[in-house]
$ cat work_29.cif   # mmCIF, C-alpha atoms
data_model
#
loop_
_atom_site.group_PDB
_atom_site.id
_atom_site.type_symbol
_atom_site.label_atom_id
_atom_site.label_comp_id
_atom_site.auth_asym_id
_atom_site.auth_seq_id
_atom_site.Cartn_x
_atom_site.Cartn_y
_atom_site.Cartn_z
ATOM 1 C CA MET A 402 -25.353 4.438 20.955
ATOM 2 C CA ALA A 403 -23.421 7.248 22.637
ATOM 3 C CA GLY A 404 -20.786 4.785 23.731
ATOM 4 C CA ASP A 405 -20.403 3.435 20.196
ATOM 5 C CA GLY A 406 -20.038 6.966 18.841
ATOM 6 C CA GLY A 407 -17.145 7.677 21.172
ATOM 7 C CA ARG A 408 -15.345 4.409 20.518
ATOM 8 C CA PRO A 409 -13.326 5.562 17.470
ATOM 9 C CA ALA A 410 -12.065 8.619 19.366
ATOM 10 C CA ARG A 411 -11.170 6.465 22.363
ATOM 11 C CA ASN A 412 -9.339 3.932 20.193
ATOM 12 C CA PHE A 413 -7.431 6.724 18.452
ATOM 13 C CA ALA A 414 -6.428 8.186 21.812
ATOM 14 C CA ILE A 415 -5.142 4.792 22.971
ATOM 15 C CA ILE A 416 -3.131 4.333 19.766
ATOM 16 C CA LEU A 417 -1.652 7.820 20.097
ATOM 17 C CA ILE A 418 -0.713 7.277 23.748
ATOM 18 C CA VAL A 419 0.998 3.953 22.954
ATOM 19 C CA HIS A 420 3.070 5.516 20.164
ATOM 20 C CA LEU A 421 4.057 8.458 22.348
ATOM 21 C CA ALA A 422 5.006 6.091 25.151
ATOM 22 C CA VAL A 423 7.297 4.170 22.792
ATOM 23 C CA LEU A 424 8.994 7.421 21.743
ATOM 24 C CA VAL A 425 9.472 8.506 25.351
ATOM 25 C CA LEU A 426 10.873 5.085 26.298
ATOM 26 C CA TRP A 427 13.201 5.209 23.297
ATOM 27 C CA GLN A 428 14.523 8.640 24.374
ATOM 28 C CA ILE A 429 14.982 7.544 27.982
ATOM 29 C CA LEU A 430 16.865 4.344 27.116
ATOM 30 C CA VAL A 431 19.210 6.059 24.663
ATOM 31 C CA ASP A 432 20.028 8.775 27.195
ATOM 32 C CA ALA A 433 20.346 6.365 30.108
ATOM 33 C CA PHE A 434 22.749 3.977 28.379
ATOM 34 C CA HIS A 435 24.587 6.703 26.433
ATOM 35 C CA VAL A 436 24.055 4.922 23.120
ATOM 36 C CA PRO A 437 26.228 6.500 20.397
ATOM 37 C CA LYS A 438 24.298 8.497 17.848
ATOM 38 C CA PHE A 439 25.691 6.539 14.900
ATOM 39 C CA ILE A 440 24.303 3.309 16.382
ATOM 40 C CA LEU A 441 20.872 4.466 17.553
ATOM 41 C CA PRO A 442 19.957 8.140 17.673
ATOM 42 C CA SER A 443 17.341 9.427 20.069
ATOM 43 C CA PRO A 444 14.004 10.737 18.760
ATOM 44 C CA LEU A 445 15.148 14.317 19.431
ATOM 45 C CA ALA A 446 18.400 13.808 17.517
ATOM 46 C CA THR A 447 16.418 12.291 14.673
ATOM 47 C CA LEU A 448 14.063 15.261 14.508
ATOM 48 C CA GLN A 449 16.989 17.669 14.414
ATOM 49 C CA THR A 450 18.036 16.310 11.010
ATOM 50 C CA LEU A 451 14.928 17.900 9.457
ATOM 51 C CA GLY A 452 16.758 21.210 9.735
ATOM 52 C CA THR A 453 19.563 20.009 7.462
ATOM 53 C CA ALA A 454 18.891 21.941 4.277
ATOM 54 C CA ASN A 455 21.120 19.947 1.921
ATOM 55 C CA TYR A 456 19.004 16.839 2.495
ATOM 56 C CA ALA A 457 16.012 18.480 0.755
ATOM 57 C CA TRP A 458 13.517 16.560 2.860
ATOM 58 C CA GLY A 459 10.440 18.127 1.311
ATOM 59 C CA ALA A 460 11.420 17.422 -2.284
ATOM 60 C CA ASN A 461 12.512 13.862 -1.518
ATOM 61 C CA VAL A 462 9.305 13.121 0.395
ATOM 62 C CA LEU A 463 7.209 14.377 -2.523
ATOM 63 C CA VAL A 464 9.096 12.194 -4.999
ATOM 64 C CA THR A 465 8.685 9.062 -2.892
ATOM 65 C CA ALA A 466 5.039 9.878 -2.190
ATOM 66 C CA ALA A 467 4.385 10.229 -5.936
ATOM 67 C CA GLU A 468 6.017 6.852 -6.576
ATOM 68 C CA ILE A 469 4.039 5.135 -3.830
ATOM 69 C CA LEU A 470 0.713 6.666 -4.783
ATOM 70 C CA GLY A 471 1.293 6.172 -8.508
ATOM 71 C CA GLY A 472 2.256 2.522 -8.128
ATOM 72 C CA PHE A 473 -0.622 1.834 -5.760
ATOM 73 C CA ALA A 474 -3.216 3.584 -7.933
ATOM 74 C CA LEU A 475 -2.029 1.736 -11.031
ATOM 75 C CA GLY A 476 -2.040 -1.549 -9.146
ATOM 76 C CA ALA A 477 -5.553 -0.972 -7.828
ATOM 77 C CA VAL A 478 -6.976 -0.054 -11.244
ATOM 78 C CA VAL A 479 -5.275 -2.893 -13.132
ATOM 79 C CA GLY A 480 -5.907 -5.460 -10.385
ATOM 80 C CA VAL A 481 -9.624 -4.718 -10.071
ATOM 81 C CA ALA A 482 -10.093 -4.482 -13.848
ATOM 82 C CA LEU A 483 -8.401 -7.837 -14.455
ATOM 83 C CA ALA A 484 -10.403 -9.447 -11.661
ATOM 84 C CA VAL A 485 -13.635 -8.245 -13.290
ATOM 85 C CA ILE A 486 -12.504 -9.604 -16.662
ATOM 86 C CA PHE A 487 -11.635 -12.944 -15.079
ATOM 87 C CA SER A 488 -15.066 -13.151 -13.425
ATOM 88 C CA TRP A 489 -16.794 -12.465 -16.740
ATOM 89 C CA SER A 490 -14.649 -14.856 -18.783
ATOM 90 C CA PRO A 491 -13.498 -18.074 -17.051
ATOM 91 C CA LEU A 492 -11.486 -18.971 -20.165
ATOM 92 C CA ILE A 493 -9.360 -15.811 -19.877
ATOM 93 C CA SER A 494 -8.923 -16.526 -16.184
ATOM 94 C CA VAL A 495 -7.670 -20.064 -16.899
ATOM 95 C CA ILE A 496 -5.236 -18.724 -19.505
ATOM 96 C CA LEU A 497 -3.854 -15.648 -17.746
ATOM 97 C CA LEU A 498 -4.157 -16.184 -13.984
ATOM 98 C CA PRO A 499 -1.505 -18.968 -13.804
ATOM 99 C CA LEU A 500 0.770 -16.724 -15.870
ATOM 100 C CA PHE A 501 0.342 -13.872 -13.387
ATOM 101 C CA VAL A 502 1.066 -16.271 -10.527
ATOM 102 C CA THR A 503 4.317 -17.295 -12.216
ATOM 103 C CA LEU A 504 5.315 -13.701 -12.944
ATOM 104 C CA ASN A 505 4.601 -12.753 -9.336
ATOM 105 C CA MET A 506 7.170 -15.327 -8.181
ATOM 106 C CA ILE A 507 9.961 -13.375 -9.892
ATOM 107 C CA PRO A 508 11.944 -11.438 -7.249
ATOM 108 C CA LYS A 509 11.200 -7.776 -7.818
ATOM 109 C CA VAL A 510 14.748 -6.834 -6.864
ATOM 110 C CA ALA A 511 15.910 -8.901 -9.842
ATOM 111 C CA LEU A 512 13.504 -7.027 -12.100
ATOM 112 C CA GLY A 513 14.770 -3.650 -10.923
ATOM 113 C CA PRO A 514 17.867 -3.425 -13.151
ATOM 114 C CA LEU A 515 15.826 -4.510 -16.177
ATOM 115 C CA VAL A 516 13.210 -1.840 -15.495
ATOM 116 C CA ILE A 517 15.987 0.734 -15.258
ATOM 117 C CA VAL A 518 17.414 -0.433 -18.610
ATOM 118 C CA TRP A 519 13.991 -0.310 -20.270
ATOM 119 C CA PHE A 520 12.723 2.964 -18.792
ATOM 120 C CA SER A 521 15.909 4.736 -17.624
ATOM 121 C CA TYR A 522 16.062 6.674 -14.344
ATOM 122 C CA GLY A 523 13.270 8.692 -12.789
ATOM 123 C CA ILE A 524 9.918 8.323 -11.115
ATOM 124 C CA VAL A 525 8.341 6.106 -13.798
ATOM 125 C CA PRO A 526 10.468 2.966 -13.234
ATOM 126 C CA ASN A 527 9.963 3.213 -9.476
ATOM 127 C CA ILE A 528 6.206 3.511 -9.993
ATOM 128 C CA LEU A 529 6.320 0.380 -12.154
ATOM 129 C CA ILE A 530 8.280 -1.540 -9.521
ATOM 130 C CA ALA A 531 5.776 -0.472 -6.839
ATOM 131 C CA PHE A 532 2.958 -1.514 -9.170
ATOM 132 C CA SER A 533 4.518 -4.928 -9.826
ATOM 133 C CA ILE A 534 4.656 -5.648 -6.098
ATOM 134 C CA CYS A 535 1.245 -4.365 -4.992
ATOM 135 C CA PHE A 536 -1.121 -5.269 -7.830
ATOM 136 C CA PHE A 537 -1.173 -9.067 -7.425
ATOM 137 C CA PRO A 538 -2.776 -9.178 -3.938
ATOM 138 C CA ILE A 539 -5.456 -6.775 -5.176
ATOM 139 C CA LEU A 540 -6.100 -8.991 -8.190
ATOM 140 C CA LEU A 541 -6.363 -12.189 -6.147
ATOM 141 C CA THR A 542 -8.598 -10.869 -3.370
ATOM 142 C CA THR A 543 -10.911 -9.045 -5.782
ATOM 143 C CA ALA A 544 -11.230 -12.126 -7.986
ATOM 144 C CA ARG A 545 -12.070 -14.197 -4.933
ATOM 145 C CA GLY A 546 -14.667 -11.689 -3.784
ATOM 146 C CA LEU A 547 -16.346 -11.675 -7.185
ATOM 147 C CA ARG A 548 -16.475 -15.483 -7.159
ATOM 148 C CA GLU A 549 -17.887 -15.825 -3.657
ATOM 149 C CA VAL A 550 -21.211 -14.145 -4.318
ATOM 150 C CA GLU A 551 -24.261 -16.081 -3.110
ATOM 151 C CA PRO A 552 -25.501 -18.311 -5.967
ATOM 152 C CA ASP A 553 -29.143 -17.716 -5.008
ATOM 153 C CA LEU A 554 -28.778 -13.990 -5.630
ATOM 154 C CA LEU A 555 -27.165 -14.611 -8.990
ATOM 155 C CA ASP A 556 -29.916 -17.025 -9.991
ATOM 156 C CA LEU A 557 -32.561 -14.513 -8.915
ATOM 157 C CA VAL A 558 -31.136 -11.739 -11.065
ATOM 158 C CA LYS A 559 -30.724 -14.097 -14.011
ATOM 159 C CA SER A 560 -34.328 -15.288 -13.668
ATOM 160 C CA LEU A 561 -35.446 -11.665 -13.865
ATOM 161 C CA ARG A 562 -33.518 -11.353 -17.135
ATOM 162 C CA GLY A 563 -30.947 -9.041 -15.607
ATOM 163 C CA SER A 564 -28.020 -8.113 -17.830
ATOM 164 C CA ARG A 565 -24.425 -8.950 -17.003
ATOM 165 C CA TRP A 566 -23.826 -5.300 -16.099
ATOM 166 C CA THR A 567 -26.838 -5.333 -13.747
ATOM 167 C CA LEU A 568 -25.583 -8.537 -12.184
ATOM 168 C CA PHE A 569 -22.169 -6.993 -11.642
ATOM 169 C CA ARG A 570 -23.397 -3.612 -10.386
ATOM 170 C CA LYS A 571 -26.150 -4.858 -8.067
ATOM 171 C CA ILE A 572 -24.752 -8.137 -6.758
ATOM 172 C CA GLN A 573 -21.103 -8.882 -7.508
ATOM 173 C CA LEU A 574 -19.533 -5.482 -6.891
ATOM 174 C CA PRO A 575 -21.272 -4.716 -3.569
ATOM 175 C CA GLY A 576 -20.580 -8.234 -2.321
ATOM 176 C CA SER A 577 -16.928 -8.101 -3.267
ATOM 177 C CA LEU A 578 -16.124 -4.697 -1.745
ATOM 178 C CA PRO A 579 -14.731 -6.130 1.523
ATOM 179 C CA TYR A 580 -12.364 -8.287 -0.511
ATOM 180 C CA VAL A 581 -11.382 -5.383 -2.757
ATOM 181 C CA PHE A 582 -10.441 -3.179 0.173
ATOM 182 C CA SER A 583 -8.688 -6.040 1.926
ATOM 183 C CA GLY A 584 -6.430 -6.441 -1.080
ATOM 184 C CA MET A 585 -5.945 -2.690 -1.343
ATOM 185 C CA LYS A 586 -4.793 -2.486 2.277
ATOM 186 C CA VAL A 587 -2.164 -5.132 1.603
ATOM 187 C CA GLY A 588 -1.255 -3.357 -1.619
ATOM 188 C CA ALA A 589 -0.802 -0.055 0.220
ATOM 189 C CA ILE A 590 1.838 -1.653 2.426
ATOM 190 C CA LEU A 591 3.612 -3.321 -0.485
ATOM 191 C CA ALA A 592 3.593 -0.147 -2.596
ATOM 192 C CA VAL A 593 5.865 1.533 -0.050
ATOM 193 C CA ALA A 594 8.299 -1.376 -0.234
ATOM 194 C CA GLY A 595 8.204 -1.330 -4.034
ATOM 195 C CA ALA A 596 9.010 2.365 -4.297
ATOM 196 C CA ILE A 597 11.971 2.016 -1.936
ATOM 197 C CA VAL A 598 13.271 -1.032 -3.803
ATOM 198 C CA GLY A 599 13.331 1.081 -6.964
ATOM 199 C CA GLU A 600 15.092 3.951 -5.220
ATOM 200 C CA PHE A 601 17.689 1.631 -3.703
ATOM 201 C CA ILE A 602 18.519 0.091 -7.080
ATOM 202 C CA ALA A 603 18.898 3.268 -9.096
ATOM 203 C CA SER A 604 17.471 6.676 -8.386
ATOM 204 C CA GLU A 605 18.479 10.290 -8.201
ATOM 205 C CA ARG A 606 15.765 11.498 -5.833
ATOM 206 C CA GLY A 607 13.569 10.218 -3.050
ATOM 207 C CA LEU A 608 13.929 9.016 0.526
ATOM 208 C CA GLY A 609 15.535 5.733 -0.515
ATOM 209 C CA TYR A 610 18.136 7.613 -2.538
ATOM 210 C CA LEU A 611 18.764 9.892 0.446
ATOM 211 C CA MET A 612 19.293 6.899 2.742
ATOM 212 C CA ILE A 613 21.955 5.521 0.405
ATOM 213 C CA GLN A 614 23.716 8.920 0.340
ATOM 214 C CA VAL A 615 23.830 9.424 4.112
ATOM 215 C CA GLN A 616 24.853 5.816 4.757
ATOM 216 C CA SER A 617 28.399 6.520 3.591
ATOM 217 C CA SER A 618 28.805 9.233 6.226
ATOM 218 C CA LEU A 619 27.166 7.164 8.980
ATOM 219 C CA ASP A 620 24.492 9.804 9.462
ATOM 220 C CA THR A 621 22.220 7.374 11.275
ATOM 221 C CA PRO A 622 19.786 10.059 12.506
ATOM 222 C CA ALA A 623 19.058 11.021 8.894
ATOM 223 C CA MET A 624 18.540 7.372 7.950
ATOM 224 C CA VAL A 625 16.153 6.881 10.850
ATOM 225 C CA MET A 626 14.320 10.074 9.893
ATOM 226 C CA ALA A 627 13.920 8.761 6.346
ATOM 227 C CA VAL A 628 12.483 5.518 7.732
ATOM 228 C CA VAL A 629 10.068 7.482 9.920
ATOM 229 C CA LEU A 630 8.895 9.553 6.958
ATOM 230 C CA LEU A 631 8.439 6.417 4.864
ATOM 231 C CA THR A 632 6.388 4.921 7.662
ATOM 232 C CA LEU A 633 4.219 8.023 7.834
ATOM 233 C CA LEU A 634 3.625 7.877 4.070
ATOM 234 C CA GLY A 635 2.587 4.246 4.374
ATOM 235 C CA VAL A 636 0.314 4.977 7.323
ATOM 236 C CA ALA A 637 -1.294 7.864 5.430
ATOM 237 C CA LEU A 638 -2.015 5.677 2.391
ATOM 238 C CA TYR A 639 -3.293 2.842 4.561
ATOM 239 C CA GLY A 640 -5.517 5.296 6.434
ATOM 240 C CA LEU A 641 -6.896 6.607 3.155
ATOM 241 C CA VAL A 642 -7.825 3.091 2.040
ATOM 242 C CA LEU A 643 -9.313 2.334 5.458
ATOM 243 C CA GLY A 644 -11.415 5.505 5.303
ATOM 244 C CA LEU A 645 -12.701 4.631 1.836
ATOM 245 C CA GLU A 646 -13.500 1.114 3.012
ATOM 246 C CA ARG A 647 -15.535 2.344 5.949
ATOM 247 C CA MET A 648 -17.388 4.810 3.751
ATOM 248 C CA PHE A 649 -18.285 2.508 0.873
ATOM 249 C CA VAL A 650 -18.754 -0.767 2.726
ATOM 250 C CA VAL A 651 -20.934 0.834 5.423
ATOM 251 C CA VAL A 652 -23.031 2.609 2.788
ATOM 252 C CA ASP A 653 -23.371 -0.658 0.949
ATOM 253 C CA THR A 654 -24.454 -2.480 4.080
ATOM 254 C CA ARG A 655 -27.170 0.088 4.767
ATOM 255 C CA LEU A 656 -28.459 -0.161 1.213
ATOM 256 C CA GLN A 657 -28.843 -3.900 1.539
#

$ encode --input "work_29.cif" --output "structure tokens"
Amino acid sequence: MAGDGGRPARNFAIILIVHLAVLVLWQILVDAFHVPKFILPSPLATLQTLGTANYAWGANVLVTAAEILGGFALGAVVGVALAVIFSWSPLISVILLPLFVTLNMIPKVALGPLVIVWFSYGIVPNILIAFSICFFPILLTTARGLREVEPDLLDLVKSLRGSRWTLFRKIQLPGSLPYVFSGMKVGAILAVAGAIVGEFIASERGLGYLMIQVQSSLDTPAMVMAVVLLTLLGVALYGLVLGLERMFVVVDTRLQ
């Protein structure tokens, strides 16, 4: 038991050491081969760009974070809600699910200019682009989880005259939680890509907008710093979903 309790801390330490080793190796190789800064800056040169005031790192990070979180939250709510509706009404699922599959095949980069025309510039269109990319995996995995509940449990609840809400709350929802969080973890990754796609197409703020601005001056350290910050935002959102998964799925397992 004591060993199991220390495993998460040990795994975290290993992950941290590996990442630090990569950074150290990166710094050593850049210094050893005298790689020009505009081609590949060192980690130290990248960190130094945070002191550049006219880049407004804090404000741009907050804008991108709001777009990522807003798109992901909207995708999670809509995806789970539609999956529940599909599980309750097979007819609606037959009508709408193929349509969503077709719409998901549309390249989101192609939708970007249309979203800008419809909703103008700002955070809202980027949230919608992030939503359009991340919601479909959540919908599919949640719908699958709701379908793959043990038939014997469903028959038992029905024989006890359980209502549809009781069936959903006691059987379908707890059984589908691993699928829900699996889709949300994929959606967390895609939400970051969606927000940046929106900022690349047309934006006045955000890390993607900043990358486009510094590209013209070949400020590669600033571009790399923007990528690092985007990665950290994605890791933070993924970690949040992972923490919620461990909390709810473990609690659910104990209740069963």

$ closest_residue --input "work_29.cif" --among "A:Leu634, A:Ile440, A:Val581, A:Leu504" --to "Val464 in chain A" --atoms "only C-alpha atoms"
A:Leu634

$ atom_distance --input "work_29.cif" --atom1 "CA of Ser618 in chain A" --atom2 "CA of Ala446 in chain A"
16.0 Å

$ atom_distance --input "work_29.cif" --atom1 "CA of Ile539 in chain A" --atom2 "CA of Leu638 in chain A"
15.0 Å

$ closest_residue --input "work_29.cif" --among "A:Leu463, A:Pro514, A:Arg545, A:Pro526" --to "Ala484 in chain A" --atoms "only C-alpha atoms"
A:Arg545

$ resolve_selection --input "work_29.cif" --expression "the PyMOL selection byres ((chain A and resi 474) around 10)" --output "list in words"
Glu468, Ile469, Leu470, Gly471, Gly472, Phe473, Leu475, Gly476, Ala477, Val478, Val479, Gly480, Ile528, Ala531, Phe532, Cys535, Phe536, Met585, Gly588, Ala589 and Ala592 of chain A

$ closest_residue --input "work_29.cif" --among "A:Leu578, A:Ala544, A:Met626, A:Val419" --to "Ile486 in chain A" --atoms "only C-alpha atoms"
A:Ala544

$ residues_around --input "work_29.cif" --residues "Leu430 in chain A" --least-positions-apart "6" --cutoff "12 Å" --atoms "all atoms listed in the file" --output "list in words"
Val423, Leu424, Val436, Pro437, Leu441, Pro442, Ser443 and Pro444 of chain A

$ atom_distance --input "work_29.cif" --atom1 "CA of Ala623 in chain A" --atom2 "CA of Leu512 in chain A"
28.2 Å

$ resolve_selection --input "work_29.cif" --expression "the PyMOL selection byres ((chain A and resi 579) around 10)" --output "PyMOL selection string"
chain A and resi 542-543+546+574-578+580-585+646-647+649-650

$ resolve_selection --input "work_29.cif" --expression "the PyMOL selection byres ((chain A and resi 596-600) around 8)" --output "list in words"
Thr465, Glu468, Ile469, Gly472, Val510, Gly513, Pro526, Asn527, Ile528, Ile530, Ala531, Ala592, Val593, Ala594, Gly595, Phe601, Ile602, Ala603, Ser604, Glu605, Arg606, Gly607, Leu608, Gly609 and Tyr610 of chain A

$ closest_residue --input "work_29.cif" --among "A:Ala460, A:Ala466, A:Leu541, A:Ser533" --to "Phe487 in chain A" --atoms "all atoms listed in the file"
A:Leu541

$ closest_residue --input "work_29.cif" --among "A:Ala637, A:Trp427, A:Gln573, A:Lys586" --to "Thr447 in chain A" --atoms "all atoms listed in the file"
A:Trp427

$ axis_aligned_box --input "work_29.cif" --around "range 638-650 of chain A" --padding-each-side "3 Å" --output "JSON"
{"center_x": -10.4, "center_y": 2.9, "center_z": 3.7, "size_x": 22.7, "size_y": 13.4, "size_z": 11.6}

$ residues_around --input "work_29.cif" --residues "range 488-491 of chain A" --least-positions-apart "5" --cutoff "9 Å" --atoms "only C-alpha atoms" --output "ChimeraX atom specification"
/A:483,496,544,547-548,565

$ write_last_selection --input "work_29.cif" --atoms "C-alpha atoms" --output "PDB file, in the coordinates of the input"
ATOM      1  CA  LEU A 483      -8.401  -7.837 -14.455  1.00  0.00           C
ATOM      2  CA  ILE A 496      -5.236 -18.724 -19.505  1.00  0.00           C
ATOM      3  CA  ALA A 544     -11.230 -12.126  -7.986  1.00  0.00           C
ATOM      4  CA  LEU A 547     -16.346 -11.675  -7.185  1.00  0.00           C
ATOM      5  CA  ARG A 548     -16.475 -15.483  -7.159  1.00  0.00           C
ATOM      6  CA  ARG A 565     -24.425  -8.950 -17.003  1.00  0.00           C
TER       7      ARG A 565
END
